[in-house]
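J.: Take this structure, written in structure tokens, and hold onto it; I'll ask about it next.
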Amino acid sequence: MARSWRNFFRKTEEPEQENVQAAVEAEAPDSTADVPTAEEVQARRSPTPQATKVLEEENVQEPEALPESDAVEEASDEVASAEEQESRSGGWFGRLRTGLKRSRESVVGQLNSAIAEFRDTDDEEFWERVEEILISSDVGVKTTGKLVGELEQEALERNITSGEQLRGLMVEHAERMLEGPVELDVSHKPTVILMVGVNGTGKTTTIGKLVNFLPGKAMLAAGDTFRAAAIEQLQRWGERVNAPVIARERGADSAAVAHDAVEAAKREGADVLLIDTAGRLHTKVNLMAELEKVRRVIERQLPGAPHEVLLTVDATTGQNGLRQAKMFNEVVSLTGIILTKLDGTAKGGIALAIANEIGVPIKLISVGEQVGDLHPFDAREFAEALFGEL
Amino acid sequence: MFDTLGDRLNSALDGVRGSGNLTEDGVKKVTREIRLALLEADVNYGVVKEFVSNVRERATGAEVSKALSPGQQVVKIVNEELASLMGGTAHKLSFASRPPTVVMLAGLNGHGKTTTAGKLALFVRKLGKTPYLVACDTYRPAAIEQLQQIGKELSVPVYTEGTEAKPENIAERGVKKAREEGYDFVIVDTAGRQVLDMDMMQEIKRVRSATKPHNVLLVLDVVTGQNAVDVAKAFQEYADFDGMVLTKLDGDARGGAALSVVSVTERPVRFASEGEKMSEFDYFYPDRMAGRILGMGDVMSLIEKAEAQVDKKEAEAQSKKLMSGKFTFEDFLQQMQMIKKMGPLSSLIGMIPGMNKQLQSANLSDLDDKALGRVEAMITSMTVEERRNAKLLQNPSRARRIARGSGSTQQDVQKLVKQFGEMQKMMRQMGKGGVPKRMPRMPFR
């Protein structure tokens, strides 16, 4: 479900996705002096366990990239407790798997036994079980129908008789459906990222986590001027990472806050500006119009911005997630989805439905409350968690 | 909320309505549609299976009643099954014989516990109670400030101890303080948690035993998907909740999660929360909700909602006037002000029987209070004469003056006058007992 932060941030303006990774890597050696990599920045700001793990795994030969001593001193209690948690349960993915295992035992158990007994593609009961596992993961009737149809056809064509082969095929198909450009475009100066979503899906919390990983100088904007204490919540996150927070009083026009923030980001040379917005139900026409205005104001102050418009979707959401993604996409043209609260019993199958029916790529997932619980999305791992052998 | 599910069931039942006999084939066809509709509405897979087989069994074996057509019979069965699944009648709050009554809120992150705490406080105050809030979310940044700001808005005291103390200790001392100071309804707000986080689940258990609440409410977002069942089971185990608050009902989620949770935990939905205003909170009426699922409207809720805000005699006089077509802009203004007190227009209109479908085709769902405000500005810019006699407004110079006075355009004013005329005509028609074929555009858009 997650990949490392390496190459997650696209810093060149080249639009071709496939060349980006290579381009960044090729550029890296001569630009390290002034442009630190995401991991380095992250390590400097807040040495989360995830960052350390990444560095250990991938940069063993570069010990100088490890967090400096003053950074270690900055380590907050939160990080320490996250570390504790990590070591206790064998990493976040292990935790997630353990979690999923409990809630999915019955369904996955059924699938496993079905796979073990699988003989041929005419096995109606088998396909019904596949359907059940998908629907029980919130994939939805329509996308489930499509996926099962595809699978059945390919299994027949390739004359698959082994259950394990079939499982591989299932993962492959789900992966293909989920794949999309994952990188965040941070190649502009300033890059403006607009965070939108329904109430309680985790916009402010996600901003608070994401800011730890962003390269360069970050700035936050408290665009949620509606909910009680939303401004304070963002300011608290800003203090933790020492990022300035542009805010007005509660009840102010959030477009005005966005305006101030873009101006401040330009004036003070910020690299990335993260703009929070109030949670809103996609059915509230006046609130959606307000959001469109926020986007318009940003664009007017900085042509081409916002460069990323990210929708937070709660992984526990059922089929209404589709409506959310559709309506927000229509109003503010989303560039990506962030799937939050994947640490529960939720399987987040709605991601598959959104990828299939709306076509907005999933870019990030959040699997817990700690900063290190935010991860770039990995289609392969997500698909494996859906069907994988537990 | 359940509008779309209602439509699906209706279309599934359309075929049956027409037919003379309840054939096994017909029932099968209908139950297949019901199954799909329920799954798309996020009702849990297992619950759907059970529901569908119940309906199938009852419908196929049903004696053919003389009073009902076969179609009506299936509608009745589905309605009854849904109602029994949702838990029958409304479950009102009972208060402790020795105050204070203590209510603990529990739930996942972001499902609306803190907002619910505020809404519940206002709700019980209207019932004559003196609410007291206790802030135990020591985790989310600024969660305590959020409750404090809500308390300030409502003038309800909020007990806090910052983020250092343990939630169970805060809760215990909070309840004690409320008792000492003579408050009779304590609402304990807790942190959002994920059910697989065992430390957090143990914590809610400790908060529960420290406060010995009379009611524990699980706050559940209506958009919740298939895992609602796992979530509810876990909270039942650790927090032993005895009722639910269903939140964000003003969205377009079909709300199947509510069906799932009630049928698995046998705990009723007690409250419905639907909007960003603190007053948009009420008891949940499962029997009415089932009717709403089937597109039968929810007249009872509408009537009660209106009664709470409107003087009854005045309302009767108004409706007489309305139906006779002698309705003026003055009356309209008055009504708008009453409506504003009741909550968002779209939710009110959804409660009128037969309006759901028309509402969708007329796309009236985008009615909003801002648009109401614009209409209000236009009407208040009219002279008394003009409000009483809309015909005067056909004079362009009058329309121009009103446009200037209200900050709108002349076209806006003319559009309002025209639509108002159409509405008068329609009301007259309805007063005579006929329902117009096509709803005219409402003037407030």
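Naming works like this for the structure tokens: A, B, ... for the chains as they're shown, residue 1 at the start of each chain, ligands 1 onward in shown order.
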Hey, which bits of chain B sit within 6 Å of chain A, and for each residue what's the closest pair of atoms and how far apart in Å (one decimal), counting only C-alpha atoms, rows by chain and increasing number, as JSON lines?
T.:
{"residue": "B:Asp42", "atom": "CA", "partner": "A:Gly318", "partner_atom": "CA", "distance": 5.8}
{"residue": "B:Gly110", "atom": "CA", "partner": "A:Gly200", "partner_atom": "CA", "distance": 3.8}
{"residue": "B:Pro141", "atom": "CA", "partner": "A:Gln233", "partner_atom": "CA", "distance": 5.1}
{"residue": "B:Ala142", "atom": "CA", "partner": "A:Gln233", "partner_atom": "CA", "distance": 4.7}
{"residue": "B:Glu145", "atom": "CA", "partner": "A:Ala229", "partner_atom": "CA", "distance": 5.6}
{"residue": "B:Gln146", "atom": "CA", "partner": "A:Ala229", "partner_atom": "CA", "distance": 4.5}
{"residue": "B:Gln149", "atom": "CA", "partner": "A:Ala228", "partner_atom": "CA", "distance": 5.9}
{"residue": "B:Gln194", "atom": "CA", "partner": "A:Gly344", "partner_atom": "CA", "distance": 5.3}
{"residue": "B:Leu196", "atom": "CA", "partner": "A:Gly344", "partner_atom": "CA", "distance": 5.9}
{"residue": "B:Val223", "atom": "CA", "partner": "A:Thr317", "partner_atom": "CA", "distance": 5.5}
{"residue": "B:Thr224", "atom": "CA", "partner": "A:Thr317", "partner_atom": "CA", "distance": 4.6}
{"residue": "B:Gly225", "atom": "CA", "partner": "A:Gly318", "partner_atom": "CA", "distance": 3.5}
{"residue": "B:Gln226", "atom": "CA", "partner": "A:Ser136", "partner_atom": "CA", "distance": 5.6}
{"residue": "B:Asn227", "atom": "CA", "partner": "A:Ala346", "partner_atom": "CA", "distance": 5.6}
{"residue": "B:Gly251", "atom": "CA", "partner": "A:Thr283", "partner_atom": "CA", "distance": 5.9}
{"residue": "B:Ala253", "atom": "CA", "partner": "A:Asn320", "partner_atom": "CA", "distance": 5.3}
{"residue": "B:Asp366", "atom": "CA", "partner": "A:Val285", "partner_atom": "CA", "distance": 5.5}
J.: Tell me, which residues of range 94-206 of chain A carry DSSP strand (DSSP E), written as a VMD selection string?
T.: chain A and resid 184 to 185 191 to 197
J.: Env of Lys391 in chain B: 10 Å cut, atoms = only C-alpha atoms, seq-sep filter 6 positions within chain, self excluded. Answer as a list in words.
T.: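 Near Lys391 in chain B, the qualifying residues are Val417, Lys418 and Gly421 of chain B.
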J.: Counting only C-alpha atoms, what is within 7 Å of range 250-264 of chain A, bar same-chain residues fewer than 2 positions away, as a list in words?
T.: Ala221, Gly223, Asp224, Thr225, Phe226, Ile246, Ala247, Arg248, Lys266, Arg267, Glu268, Ile275, Lys293, Val294, Val297, Ile298 and Gln301 of chain A
J.: Hey, what's within 12 Å of Val182 in chain A if we count only C-alpha atoms and toss same-chain stuff fewer than 4 positions away? As a ChimeraX atom specification, please?
T.: /A:2-10,17-18,20-21,178,308,310,335-338,360-365,375-379
J.: Residues of range 129-322 of chain A in alpha helix (DSSP H) according to DSSP, as JSON, numbers by chain?
T.: {"A": [129, 130, 131, 132, 133, 134, 135, 141, 142, 143, 144, 145, 146, 147, 148, 149, 150, 151, 152, 153, 154, 155, 156, 157, 163, 164, 165, 166, 167, 168, 169, 170, 171, 172, 173, 174, 175, 176, 177, 178, 203, 204, 205, 206, 207, 208, 209, 210, 230, 231, 232, 233, 234, 235, 236, 237, 238, 239, 240, 241, 254, 255, 256, 257, 258, 259, 260, 261, 262, 263, 264, 265, 266, 267, 285, 286, 287, 288, 289, 290, 291, 292, 293, 294, 295, 296, 297, 298, 299, 300, 301, 320, 321, 322]}
J.: Of the candidates A:Glu183, A:Asp120, A:Glu249, A:Glu125, which shows the shortest atom-to-atom distance to Arg158 in chain A, using only C-alpha atoms?
T.: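 Smallest distance to Arg158 in chain A is found for A:Asp120.
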J.: What gap, in Å, lies between CA of Glu172 in chain A and CA of Trp127 in chain A?
T.: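 One can read the CA of Glu172 in chain A to CA of Trp127 in chain A distance as 16.6 Å.
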J.: Write out as a PyMOL selection string which residues come within 8 Å of Lys233 in chain B when counting only C-alpha atoms, dropping same-chain ones fewer than 4 positions away.
T.: chain B and resi 229+237+264-265
J.: Now that the selection is made, can you save its residues with N, CA and C atoms as an mmCIF file, in the first residue's frame?
T.:
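Result file selection_16.cif:
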data_model
loop_
_atom_site.group_PDB
_atom_site.id
_atom_site.type_symbol
_atom_site.label_atom_id
_atom_site.label_comp_id
_atom_site.auth_asym_id
_atom_site.auth_seq_id
_atom_site.Cartn_x
_atom_site.Cartn_y
_atom_site.Cartn_z
ATOM 1 N N VAL B 229 -19.976 -2.659 10.567
ATOM 2 C CA VAL B 229 -20.298 -3.790 11.430
ATOM 3 C C VAL B 229 -19.139 -4.103 12.382
ATOM 4 N N GLU B 237 -18.160 -3.995 22.417
ATOM 5 C CA GLU B 237 -17.363 -4.771 23.368
ATOM 6 C C GLU B 237 -16.702 -3.865 24.416
ATOM 7 N N VAL B 264 -26.923 -5.725 13.578
ATOM 8 C CA VAL B 264 -25.880 -6.563 14.173
ATOM 9 C C VAL B 264 -25.769 -6.368 15.684
ATOM 10 N N THR B 265 -25.893 -5.115 16.151
ATOM 11 C CA THR B 265 -25.688 -4.863 17.579
ATOM 12 C C THR B 265 -27.004 -4.816 18.359
#
J.: Which residues are near range 376-383 of chain B? Cut-off 8 Å, only C-alpha atoms, ignore same chain within fewer than 3 positions. Put them as a list of chain:residue names.
T.: B:Phe329, B:Glu330, B:Leu333, B:Met336, B:Leu372, B:Gly373, B:Glu386, B:Arg387, B:Ile402, B:Ala403, B:Gly405, B:Ser406, B:Ser408, B:Val413
J.: If I take CA of Met170 in chain A and CA of Ala114 in chain A, how far is one from the other in Å, to one decimal?
T.: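 Taking CA of Met170 in chain A as the start and CA of Ala114 in chain A as the end point, the length is 13.6 Å.
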J.: Could you check which of B:Val195, B:Val222, B:Tyr183, B:Val134 is closest to Thr160 in chain B, using only C-alpha atoms?
T.: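 Going through B:Val195, B:Val222, B:Tyr183, B:Val134 one by one, the smallest distance to Thr160 in chain B is for B:Val134.
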J.: At what distance in Å, to one decimal, does CA of Val262 in chain B lie from CA of Asp184 in chain B?
T.: 29.1 Å
